[in-house]
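This is protein_24.cif. It holds mmCIF, C-alpha atoms.
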data_start
#
loop_
_atom_site.label_atom_id
_atom_site.label_comp_id
_atom_site.auth_asym_id
_atom_site.auth_seq_id
_atom_site.Cartn_x
_atom_site.Cartn_y
_atom_site.Cartn_z
CA MET U 1 108.22 70.12 144.91
CA SER U 2 106.17 70.44 148.07
CA PHE U 3 105.07 73.95 148.99
CA THR U 4 102.32 75.54 151.03
CA ILE U 5 100.99 78.57 149.19
CA LEU U 6 98.55 81.02 150.74
CA VAL U 7 96.20 82.67 148.25
CA ALA U 8 94.95 85.92 149.82
CA PRO U 9 93.52 88.29 147.19
CA SER U 10 90.95 91.03 146.99
CA GLY U 11 88.07 91.01 144.53
CA PHE U 12 88.29 92.65 141.10
CA LYS U 13 85.72 95.44 141.04
CA GLU U 14 82.91 94.97 138.52
CA SER U 15 84.54 91.75 137.31
CA LEU U 16 85.17 88.99 139.84
CA SER U 17 84.18 88.51 143.45
CA VAL U 18 86.90 87.83 145.98
CA ASN U 19 85.86 84.16 146.05
CA ASP U 20 86.06 83.95 142.24
CA VAL U 21 89.54 85.49 142.30
CA THR U 22 90.68 83.10 145.01
CA ARG U 23 89.44 80.04 143.11
CA ALA U 24 91.05 81.17 139.84
CA ILE U 25 94.46 81.76 141.40
CA SER U 26 94.30 78.46 143.30
CA ALA U 27 93.51 76.62 140.07
CA GLY U 28 96.48 78.24 138.34
CA VAL U 29 98.79 77.30 141.20
CA ARG U 30 97.67 73.66 141.08
CA SER U 31 98.17 73.53 137.29
CA ALA U 32 101.85 74.27 137.77
CA LEU U 33 102.32 72.61 141.16
CA PRO U 34 99.86 69.71 141.52
CA ALA U 35 101.46 68.62 144.79
CA ALA U 36 101.28 72.06 146.40
CA ARG U 37 99.18 72.61 149.47
CA VAL U 38 97.00 75.64 148.73
CA LEU U 39 95.45 77.60 151.57
CA GLU U 40 92.72 80.10 150.71
CA ALA U 41 92.07 83.36 152.56
CA PRO U 42 89.72 85.56 150.49
CA MET U 43 90.47 89.07 151.79
CA VAL U 44 87.64 91.51 152.22
CA ASP U 45 88.47 95.13 152.87
CA GLY U 46 85.07 96.44 153.85
CA GLY U 47 83.76 96.53 150.29
CA GLU U 48 81.90 93.88 148.33
CA GLY U 49 82.05 90.50 150.05
CA PHE U 50 82.57 91.89 153.58
CA THR U 51 79.16 90.81 154.89
CA LYS U 52 79.16 87.31 153.45
CA ALA U 53 82.73 86.66 154.55
CA LEU U 54 81.99 87.52 158.17
CA VAL U 55 78.66 85.71 158.16
CA ASN U 56 80.33 82.58 156.76
CA ALA U 57 83.24 82.82 159.20
CA THR U 58 80.86 82.94 162.19
CA LYS U 59 78.15 80.64 160.79
CA GLY U 60 75.61 83.44 160.89
CA THR U 61 72.58 84.24 158.74
CA LEU U 62 72.03 86.53 155.75
CA HIS U 63 68.93 88.70 155.35
CA LYS U 64 67.65 90.53 152.26
CA ALA U 65 66.30 94.08 152.39
CA ILE U 66 64.85 96.39 149.74
CA VAL U 67 66.45 99.82 150.12
CA THR U 68 66.99 103.00 148.12
CA GLY U 69 69.90 102.56 145.75
CA PRO U 70 72.54 105.19 144.94
CA VAL U 71 70.58 106.63 142.00
CA GLY U 72 67.30 106.66 143.92
CA CYS U 73 65.81 103.42 142.60
CA PRO U 74 65.00 100.45 144.86
CA VAL U 75 67.69 97.76 145.06
CA THR U 76 67.82 94.40 146.80
CA ALA U 77 70.51 94.71 149.44
CA PHE U 78 71.36 92.51 152.41
CA PHE U 79 72.84 92.44 155.89
CA GLY U 80 73.95 89.62 158.17
CA ILE U 81 73.45 88.52 161.73
CA MET U 82 76.70 86.97 162.90
CA GLY U 83 76.84 83.66 164.72
CA GLY U 84 78.67 82.85 167.93
CA GLY U 85 78.23 84.16 171.42
CA GLY U 86 78.33 87.70 172.74
CA PRO U 87 76.19 90.66 171.72
CA ARG U 88 73.76 90.16 168.84
CA THR U 89 75.89 91.58 166.04
CA ALA U 90 74.70 92.70 162.63
CA VAL U 91 77.15 93.16 159.78
CA LEU U 92 76.59 95.12 156.59
CA GLU U 93 78.60 96.56 153.72
CA MET U 94 77.73 99.97 152.36
CA ALA U 95 78.42 98.71 148.83
CA ALA U 96 75.26 96.57 149.03
CA ALA U 97 73.17 99.75 149.17
CA ALA U 98 75.36 102.44 147.59
CA GLY U 99 78.16 100.68 145.74
CA LEU U 100 79.63 101.77 142.43
CA SER U 101 78.39 98.54 140.82
CA LEU U 102 74.83 99.76 141.49
CA VAL U 103 75.37 102.96 139.49
CA PRO U 104 74.74 102.53 135.75
CA LYS U 105 77.74 103.64 133.71
CA ASP U 106 75.72 106.36 131.99
CA ARG U 107 74.72 107.84 135.37
CA ARG U 108 78.10 108.02 137.07
CA ASP U 109 77.98 111.51 138.49
CA PRO U 110 78.96 111.23 142.20
CA GLY U 111 77.33 114.56 142.91
CA ARG U 112 73.91 113.01 142.36
CA THR U 113 74.24 109.63 144.08
CA THR U 114 73.11 109.04 147.64
CA SER U 115 73.97 106.94 150.68
CA TYR U 116 70.31 106.90 151.80
CA GLY U 117 70.08 103.12 151.44
CA VAL U 118 72.94 102.64 153.90
CA GLY U 119 70.86 104.34 156.57
CA GLU U 120 67.94 102.10 155.68
CA LEU U 121 70.13 99.02 156.09
CA ILE U 122 71.19 100.24 159.55
CA LEU U 123 67.52 100.61 160.49
CA ARG U 124 66.81 97.07 159.26
CA ALA U 125 69.61 95.78 161.49
CA LEU U 126 68.06 97.61 164.43
CA ASP U 127 64.70 96.05 163.57
CA HIS U 128 66.38 92.64 163.93
CA GLY U 129 67.44 93.45 167.46
CA ALA U 130 71.11 94.20 166.87
CA ASP U 131 73.11 95.22 169.94
CA ARG U 132 76.20 95.86 167.83
CA ILE U 133 76.64 96.71 164.16
CA LEU U 134 79.75 96.20 162.03
CA ILE U 135 79.84 98.25 158.84
CA GLY U 136 82.28 97.78 155.98
CA CYS U 137 83.24 100.79 153.87
CA GLY U 138 84.53 100.26 150.35
CA ASP U 139 83.62 100.10 146.65
CA SER U 140 81.31 103.09 147.00
CA GLY U 141 79.50 104.95 144.25
CA ILE U 142 78.77 108.07 146.32
CA ASN U 143 80.39 111.32 147.40
CA ASP U 144 77.75 112.75 149.75
CA GLY U 145 79.63 112.52 153.05
CA GLY U 146 76.99 110.16 154.43
CA ALA U 147 74.36 112.89 154.21
CA GLY U 148 71.82 110.55 152.61
CA MET U 149 72.42 107.98 155.33
CA ALA U 150 71.87 110.68 157.96
CA GLN U 151 68.57 111.63 156.32
CA ALA U 152 67.44 108.00 156.39
CA LEU U 153 68.29 107.80 160.10
CA GLY U 154 66.09 110.82 160.81
CA ALA U 155 68.43 113.82 160.66
CA ARG U 156 67.20 116.87 158.76
CA LEU U 157 69.56 118.81 156.51
CA LEU U 158 67.86 122.15 155.88
CA ASP U 159 68.38 124.99 153.41
CA VAL U 160 68.04 128.71 154.16
CA ASP U 161 64.24 128.42 153.85
CA GLY U 162 64.08 125.57 156.37
CA GLN U 163 63.34 123.00 153.66
CA ASP U 164 65.06 119.61 153.37
CA ILE U 165 67.80 119.53 150.77
CA GLY U 166 67.79 116.81 148.13
CA PHE U 167 70.11 113.87 147.64
CA GLY U 168 73.72 113.91 146.46
CA GLY U 169 76.97 115.73 147.00
CA TYR U 170 75.97 118.80 144.99
CA GLU U 171 73.16 119.50 147.46
CA LEU U 172 75.59 119.85 150.38
CA SER U 173 76.52 123.41 149.45
CA ARG U 174 72.86 124.37 150.10
CA ILE U 175 72.82 123.28 153.75
CA ALA U 176 72.15 126.09 156.22
CA GLU U 177 71.25 124.02 159.27
CA ILE U 178 71.49 120.46 160.59
CA ASP U 179 68.69 119.25 162.86
CA PRO U 180 69.64 115.89 164.48
CA SER U 181 66.63 115.75 166.82
CA GLY U 182 64.77 113.18 164.73
CA ILE U 183 67.55 110.57 164.61
CA ASP U 184 66.28 107.10 165.59
CA PRO U 185 66.76 106.87 169.37
CA ARG U 186 67.70 103.18 169.16
CA LEU U 187 71.11 104.22 167.85
CA ALA U 188 72.02 105.47 171.33
CA ASP U 189 71.84 101.90 172.64
CA VAL U 190 73.98 100.12 170.05
CA SER U 191 77.71 99.98 169.43
CA ILE U 192 78.66 100.69 165.81
CA ASP U 193 82.15 99.82 164.57
CA VAL U 194 83.18 100.70 161.04
CA ALA U 195 85.98 99.15 158.96
CA VAL U 196 87.52 101.94 156.88
CA ASN U 197 90.57 102.82 154.87
CA TRP U 198 92.38 104.70 157.63
CA HIS U 199 94.24 106.89 155.13
CA ASN U 200 91.11 108.45 153.60
CA VAL U 201 90.19 111.93 154.82
CA LEU U 202 87.18 114.03 153.95
CA LEU U 203 88.64 117.35 152.78
CA GLY U 204 91.60 118.90 151.00
CA PRO U 205 93.96 117.77 148.24
CA ASN U 206 93.91 114.23 149.63
CA GLY U 207 90.17 114.30 150.33
CA VAL U 208 87.50 112.16 148.77
CA ALA U 209 86.31 114.65 146.16
CA ARG U 210 89.74 115.29 144.67
CA VAL U 211 91.16 111.76 144.95
CA PHE U 212 88.13 109.59 144.25
CA GLY U 213 85.64 111.92 142.54
CA PRO U 214 87.25 111.50 139.10
CA GLN U 215 87.25 107.71 139.53
CA LYS U 216 83.48 107.86 140.01
CA GLY U 217 82.90 109.99 136.91
CA ALA U 218 83.34 113.59 138.14
CA THR U 219 84.80 116.27 135.86
CA PRO U 220 87.26 118.85 137.30
CA ASP U 221 84.43 121.40 137.73
CA GLN U 222 82.28 118.79 139.43
CA VAL U 223 85.15 117.90 141.77
CA ASP U 224 85.37 121.56 142.81
CA ALA U 225 81.61 121.63 143.45
CA LEU U 226 81.81 118.47 145.54
CA GLU U 227 84.68 119.83 147.62
CA THR U 228 82.79 123.07 148.26
CA GLY U 229 79.73 121.15 149.42
CA LEU U 230 81.74 118.86 151.70
CA GLU U 231 83.48 121.86 153.27
CA ARG U 232 80.09 123.41 154.07
CA TYR U 233 78.82 120.08 155.41
CA ALA U 234 81.88 119.60 157.65
CA ASP U 235 81.58 123.15 159.02
CA LEU U 236 77.95 122.61 159.97
CA ILE U 237 78.71 119.23 161.58
CA HIS U 238 81.36 121.00 163.64
CA GLN U 239 78.91 123.73 164.66
CA THR U 240 76.16 121.23 165.49
CA THR U 241 78.05 118.41 167.18
CA GLY U 242 81.43 119.89 168.10
CA LEU U 243 83.15 117.23 165.97
CA ASP U 244 85.88 118.51 163.64
CA LEU U 245 86.13 115.64 161.16
CA GLY U 246 87.55 117.13 157.97
CA GLN U 247 91.03 115.66 158.42
CA SER U 248 90.23 112.78 160.77
CA ASN U 249 91.54 109.34 159.85
CA GLY U 250 88.86 107.42 157.97
CA SER U 251 86.54 110.41 157.66
CA GLY U 252 86.72 110.18 153.88
CA ALA U 253 85.95 106.47 153.70
CA SER U 254 83.38 105.59 151.03
CA GLY U 255 82.76 109.08 149.71
CA GLY U 256 82.81 110.57 153.21
CA LEU U 257 80.43 108.04 154.71
CA GLY U 258 82.91 107.70 157.58
CA THR U 259 82.14 111.29 158.55
CA GLY U 260 78.40 110.74 158.50
CA LEU U 261 78.61 107.57 160.57
CA VAL U 262 80.62 109.28 163.31
CA ALA U 263 78.55 112.47 163.33
CA PHE U 264 75.04 110.99 163.11
CA ALA U 265 75.27 107.36 164.25
CA GLY U 266 77.86 107.67 167.00
CA ALA U 267 80.10 105.17 165.23
CA THR U 268 83.75 104.40 165.92
CA LEU U 269 86.05 104.07 162.91
CA HIS U 270 88.79 101.42 162.74
CA PRO U 271 91.50 100.52 160.21
CA ARG U 272 89.62 97.97 158.20
CA PHE U 273 92.07 95.11 158.59
CA ASP U 274 91.91 95.44 162.36
CA ILE U 275 88.26 94.44 162.03
CA VAL U 276 88.64 91.83 159.28
CA MET U 277 91.53 89.97 160.88
CA GLN U 278 89.47 89.35 164.01
CA TYR U 279 87.21 87.02 162.06
CA LEU U 280 89.30 85.59 159.21
CA ARG U 281 91.98 83.03 160.08
CA PHE U 282 94.65 84.80 158.06
CA ASP U 283 97.43 84.79 160.66
CA ASP U 284 96.93 81.09 161.38
CA MET U 285 97.25 80.25 157.69
CA LEU U 286 100.20 82.61 157.22
CA ASP U 287 102.14 80.67 159.86
CA LYS U 288 101.93 77.60 157.61
CA ALA U 289 102.78 79.28 154.29
CA ASP U 290 105.98 79.24 152.23
CA LEU U 291 104.70 81.86 149.76
CA VAL U 292 101.77 84.28 149.50
CA ILE U 293 99.93 85.22 146.32
CA THR U 294 97.67 88.25 146.50
CA ALA U 295 95.77 90.17 143.84
CA GLU U 296 93.64 93.22 143.11
CA GLY U 297 92.11 94.83 140.05
CA SER U 298 94.71 97.62 140.01
CA LEU U 299 98.17 97.85 141.57
CA ASP U 300 99.66 101.36 141.72
CA GLY U 301 101.01 104.10 143.96
CA GLN U 302 97.80 104.11 146.01
CA SER U 303 98.12 100.42 146.91
CA PRO U 304 100.33 100.98 149.99
CA TYR U 305 97.59 103.13 151.53
CA GLY U 306 95.19 100.56 152.90
CA LYS U 307 94.73 98.28 149.87
CA VAL U 308 94.62 94.51 150.29
CA PRO U 309 97.85 93.49 148.48
CA CYS U 310 100.17 95.63 150.60
CA GLU U 311 98.30 94.92 153.84
CA VAL U 312 98.69 91.20 153.18
CA ALA U 313 102.29 91.56 152.03
CA ARG U 314 103.41 93.57 155.06
CA ARG U 315 102.13 90.88 157.37
CA ALA U 316 103.86 88.22 155.28
CA ARG U 317 107.15 90.14 155.26
CA ASP U 318 107.01 90.41 159.06
CA GLN U 319 107.02 86.59 159.07
CA GLY U 320 109.85 86.36 156.53
CA ILE U 321 107.50 85.17 153.76
CA GLN U 322 107.62 86.54 150.23
CA THR U 323 104.57 87.81 148.34
CA ILE U 324 103.67 87.87 144.66
CA ALA U 325 100.92 90.28 143.56
CA LEU U 326 98.79 89.86 140.43
CA ALA U 327 96.77 92.74 139.03
CA GLY U 328 94.48 93.58 136.16
CA THR U 329 96.37 96.82 135.55
CA ILE U 330 99.75 98.04 136.69
CA GLY U 331 99.59 101.78 137.28
CA LYS U 332 101.73 104.79 138.06
CA GLY U 333 103.82 104.51 141.22
CA VAL U 334 103.55 100.73 141.40
CA HIS U 335 107.19 100.36 142.45
CA GLU U 336 106.23 101.88 145.80
CA THR U 337 104.61 98.54 146.56
CA LEU U 338 108.06 96.95 146.62
CA ASP U 339 108.84 99.02 149.71
CA ASN U 340 105.58 97.92 151.30
CA GLY U 341 105.78 94.14 151.36
CA ILE U 342 105.36 93.12 147.72
CA ASP U 343 108.34 91.15 146.37
CA ALA U 344 107.18 90.76 142.76
CA PHE U 345 104.16 91.84 140.72
CA ALA U 346 102.72 91.11 137.31
CA SER U 347 99.74 92.07 135.19
CA ILE U 348 97.33 89.30 134.22
CA ILE U 349 96.86 90.92 130.80
CA LYS U 350 99.43 89.63 128.32
CA ARG U 351 98.21 91.36 125.15
CA PRO U 352 96.27 94.51 124.25
CA CYS U 353 92.55 94.12 124.85
CA SER U 354 89.52 96.22 125.73
CA LEU U 355 88.34 96.68 129.30
CA ASP U 356 85.15 94.76 128.50
CA GLU U 357 87.19 91.83 127.18
CA ALA U 358 89.47 91.86 130.21
CA ILE U 359 86.45 91.83 132.54
CA HIS U 360 84.78 89.05 130.57
CA LYS U 361 87.91 86.87 130.56
CA GLY U 362 89.10 87.88 134.03
CA GLU U 363 88.89 84.41 135.57
CA LYS U 364 90.79 82.77 132.72
CA LEU U 365 93.44 85.51 132.72
CA LEU U 366 93.96 85.20 136.46
CA ARG U 367 94.30 81.43 136.30
CA ARG U 368 96.91 81.65 133.56
CA ALA U 369 98.83 84.42 135.32
CA ALA U 370 99.00 82.40 138.52
CA GLU U 371 100.20 79.34 136.62
CA ASP U 372 102.85 81.42 134.81
CA ALA U 373 104.07 82.89 138.10
CA MET U 374 104.44 79.43 139.62
CA ARG U 375 106.33 78.10 136.59
CA MET U 376 108.73 81.05 136.79
CA MET U 377 109.21 80.31 140.48
CA ILE U 378 110.02 76.67 139.65
CA VAL U 379 112.70 77.82 137.19
CA GLY U 380 114.24 80.05 139.85
CA ILE U 381 114.29 77.26 142.41
CA ARG U 382 115.92 74.84 140.00
CA LEU U 383 118.58 77.39 139.16
CA THR U 384 119.43 77.90 142.82
CA ASP U 385 119.72 74.12 143.24
CA ARG U 386 122.41 73.92 140.54
CA PRO U 387 126.03 74.50 141.47
CA VAL U 388 127.23 77.88 140.22
CA PRO U 389 130.46 77.64 138.18
CA VAL U 390 133.29 79.60 139.81
CA PRO U 391 135.65 81.15 137.24
CA VAL U 392 139.28 80.08 137.62
CA GLN U 393 141.53 83.03 138.36
CA LYS U 394 144.89 83.05 136.67
CA PRO U 395 147.85 83.81 138.91
CA LEU U 396 148.91 87.43 138.75
CA HIS U 397 152.33 86.48 137.40
CA ALA U 398 150.66 84.73 134.43
CA LEU U 399 148.78 87.86 133.35
CA GLY U 400 150.16 89.97 130.54
#
Would you write the structure of this file as structure tokens?
Amino acid sequence: MSFTILVAPSGFKESLSVNDVTRAISAGVRSALPAARVLEAPMVDGGEGFTKALVNATKGTLHKAIVTGPVGCPVTAFFGIMGGGGPRTAVLEMAAAAGLSLVPKDRRDPGRTTSYGVGELILRALDHGADRILIGCGDSGINDGGAGMAQALGARLLDVDGQDIGFGGYELSRIAEIDPSGIDPRLADVSIDVAVNWHNVLLGPNGVARVFGPQKGATPDQVDALETGLERYADLIHQTTGLDLGQSNGSGASGGLGTGLVAFAGATLHPRFDIVMQYLRFDDMLDKADLVITAEGSLDGQSPYGKVPCEVARRARDQGIQTIALAGTIGKGVHETLDNGIDAFASIIKRPCSLDEAIHKGEKLLRRAAEDAMRMMIVGIRLTDRPVPVPVQKPLHALG
């Protein structure tokens, strides 16, 4: 059997990078179909892997930078300078400075983590002469609305006594005044484009505190405190800048970082795949494919709202190509993915096991799941190649 199969997954958070996932699935495909042509399109969504993918795609350069991590300790982050012509363009991912993977499991309280390091990365890009900056939002460990980033850029967030507030989402309820006069003036001369989940908003029942706070370790009371602080923060941004961002598309990206980038850095937000697809050759490879395999750590009712598997699958369906999705966990509402491009899905976990074991064996589990999916596909193809017996109908007069 000769097929061209496009492998276009996301990474598995805290387990496998997008490149690791791609290699594992490709190996599984080749185990079942040695003659298959396998095309690889590791899909970055603004989170981990965004910078390296765009640097590699444009033959650019990667630069390390020591910045303040999400819990206040120094971390080694990085940004890229993209190759090619045009404006000198820096690319960075917020996860390198404030990602969930940088928050120790025993310190996962999103009310205390900060985006300060993201602002420091932006300043490093400016130091390298960037005329344009691309920022990827995803895999965050924060819920501070980009307040820490704003502080790093030079904005002052003041309490009723005129003192600077501290770091973290809980501090936002203490803000009495925003003073943007100290923001680095170089920001006025650069274009900043941000790849975000377009469906994420800052406030309300679908806002970052209520939807993503619990995923980052917040209790119900802490979620309420985060929402209260973000409401205060959004009100003061409106008063100071005239921007009403609470329900704007993308304003809730990465714990509300989208809001901070617009309000304090003059950034423009974009649906993340509009940015990514400019640099990755996905559409070219899709034109050659007979089948697409995608993957993500979790597939559930949130997947149709800006997650990699459904974004990939919708594009494939538009070309009449079917998509199989593999996932570490299959969650509530997963059948909604079938209305959003996915044709079949399966969990890579075949027996009960702990999360730690699943993470440790993730590559092996993915490889086996991909091989199993291909073998099932072979069975289906062979069945369709066989003639289907047609039952002989007895004449009506012979019945009874």
Original post:
Any chance you could work out the residue set of the PyMOL selection byres ((chain U and resi 218-222) around 9) here, as number ranges by chain?
Top reply: U: 108-111, 170, 209-210, 212-217, 223-227
Subject >> Distance criterion (all atoms listed in the file): nearest to Asp193 in chain U out of U:Gln247, U:Asp356, U:Ser26, U:Leu261 >> reply: U:Leu261
Subject >> Best match for closeness to Leu187 in chain U among U:Ala265, U:Ala295, U:Glu48, U:His128, counting all atoms listed in the file >> reply: U:Ala265
**OP:** Decode the PyMOL selection byres ((chain U and resi 344-353) around 8) for the given file into explicit residues and return them as a PyMOL selection string.
**Re:** chain U and resi 323-330+338+342-343+354-355+357-358+365-366+368-369
**OP:** May I ask for the distance between CA of Gly297 in chain U and CA of Phe12 in chain U, given in Å to one decimal place?
**Re:** 4.5 Å
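Between Ala65 in chain U and the candidates U:Asp127, U:Asp45, U:Glu363, U:Asp300, the tightest atom-to-atom separation, counting only C-alpha atoms, involves U:Asp127.
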Original post:
For this file, the PyMOL selection byres ((chain U and resi 266-272) around 8) selects which residues, as a list in words?
Top reply: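 In the shown coordinates, the PyMOL selection byres ((chain U and resi 266-272) around 8) covers Asp45, Gly46, Gly136, Leu187, Ala188, Ser191, Ile192, Asp193, Val194, Ala195, Val196, Asn197, Trp198, Gly250, Gly258, Leu261, Val262, Ala263, Phe264, Ala265, Phe273, Asp274, Ile275 and Val276 of chain U.
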Determine, counting all atoms listed in the file, which protein, DNA and RNA residues have an atom within 7 Å of an atom of Leu291 in chain U; residues of the same chain fewer than 6 positions away are not included. Present the result as a PDB file with C-alpha atoms, keeping the file's coordinate frame.
ATOM      1  CA  THR U   4     102.320  75.540 151.030  1.00  0.00           C
ATOM      2  CA  ILE U   5     100.990  78.570 149.190  1.00  0.00           C
ATOM      3  CA  LEU U   6      98.550  81.020 150.740  1.00  0.00           C
ATOM      4  CA  ILE U 321     107.500  85.170 153.760  1.00  0.00           C
ATOM      5  CA  GLN U 322     107.620  86.540 150.230  1.00  0.00           C
ATOM      6  CA  THR U 323     104.570  87.810 148.340  1.00  0.00           C
TER       7      THR U 323
END
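Nearest-residue note for Pro205 in chain U: choosing from U:Ile237, U:Gly246, U:Thr76, U:Ala57, the minimum distance belongs to U:Gly246, counting all atoms listed in the file.
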Subject >> Pick from U:Pro42, U:Pro180, U:Pro70, U:Gly341, whichever lies nearest to Gln319 in chain U using all atoms listed in the file >> reply: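 Comparing U:Pro42, U:Pro180, U:Pro70, U:Gly341 against Gln319 in chain U, the winner is U:Gly341.
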**OP:** Compile the contact shell of Ala234 in chain U as a list of chain:residue names: residues with an atom at most 9 Å away, counting only C-alpha atoms, same-chain residues fewer than 6 positions apart removed.
**Re:** U:Gly145, U:Leu202, U:Leu203, U:Leu243, U:Asp244, U:Leu245, U:Gly246, U:Thr259
Original post:
Could you state the separation of CA of Arg317 in chain U and CA of Asn340 in chain U in Å, given to one decimal place?
Top reply: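 Result for CA of Arg317 in chain U versus CA of Asn340 in chain U: 8.9 Å, one decimal.
Shortest atom-to-atom contact with Ala253 in chain U among U:Ala316, U:Ile66, U:Leu286, U:Cys137: U:Cys137, counting all atoms listed in the file.
CA of Val29 in chain U is found 21.9 Å from CA of Arg314 in chain U.
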**OP:** List the neighbours of Arg88 in chain U out to 7 Å using only C-alpha atoms; skip same-chain residues closer than 5 positions along the sequence, and give me the result as number ranges by chain.
**Re:** U: 130-132
Subject >> Long-range neighbours of Phe50 in chain U as a PyMOL selection string, 8 Å cut-off, only C-alpha atoms, 6 positions minimum in chain >> reply: chain U and resi 44+92-93+136
Box dimensions and centre (Å, one decimal) enclosing range 122-131 of chain U, axis-aligned, 4 Å extra per side, as JSON:
{"center_x": 68.9, "center_y": 96.6, "center_z": 164.6, "size_x": 16.4, "size_y": 16.0, "size_z": 18.7}
Subject >> Contacts of Val160 in chain U at 12 Å (only C-alpha atoms; same-chain gap of 4+ positions) as a PyMOL selection string >> reply: chain U and resi 164-165+173-178
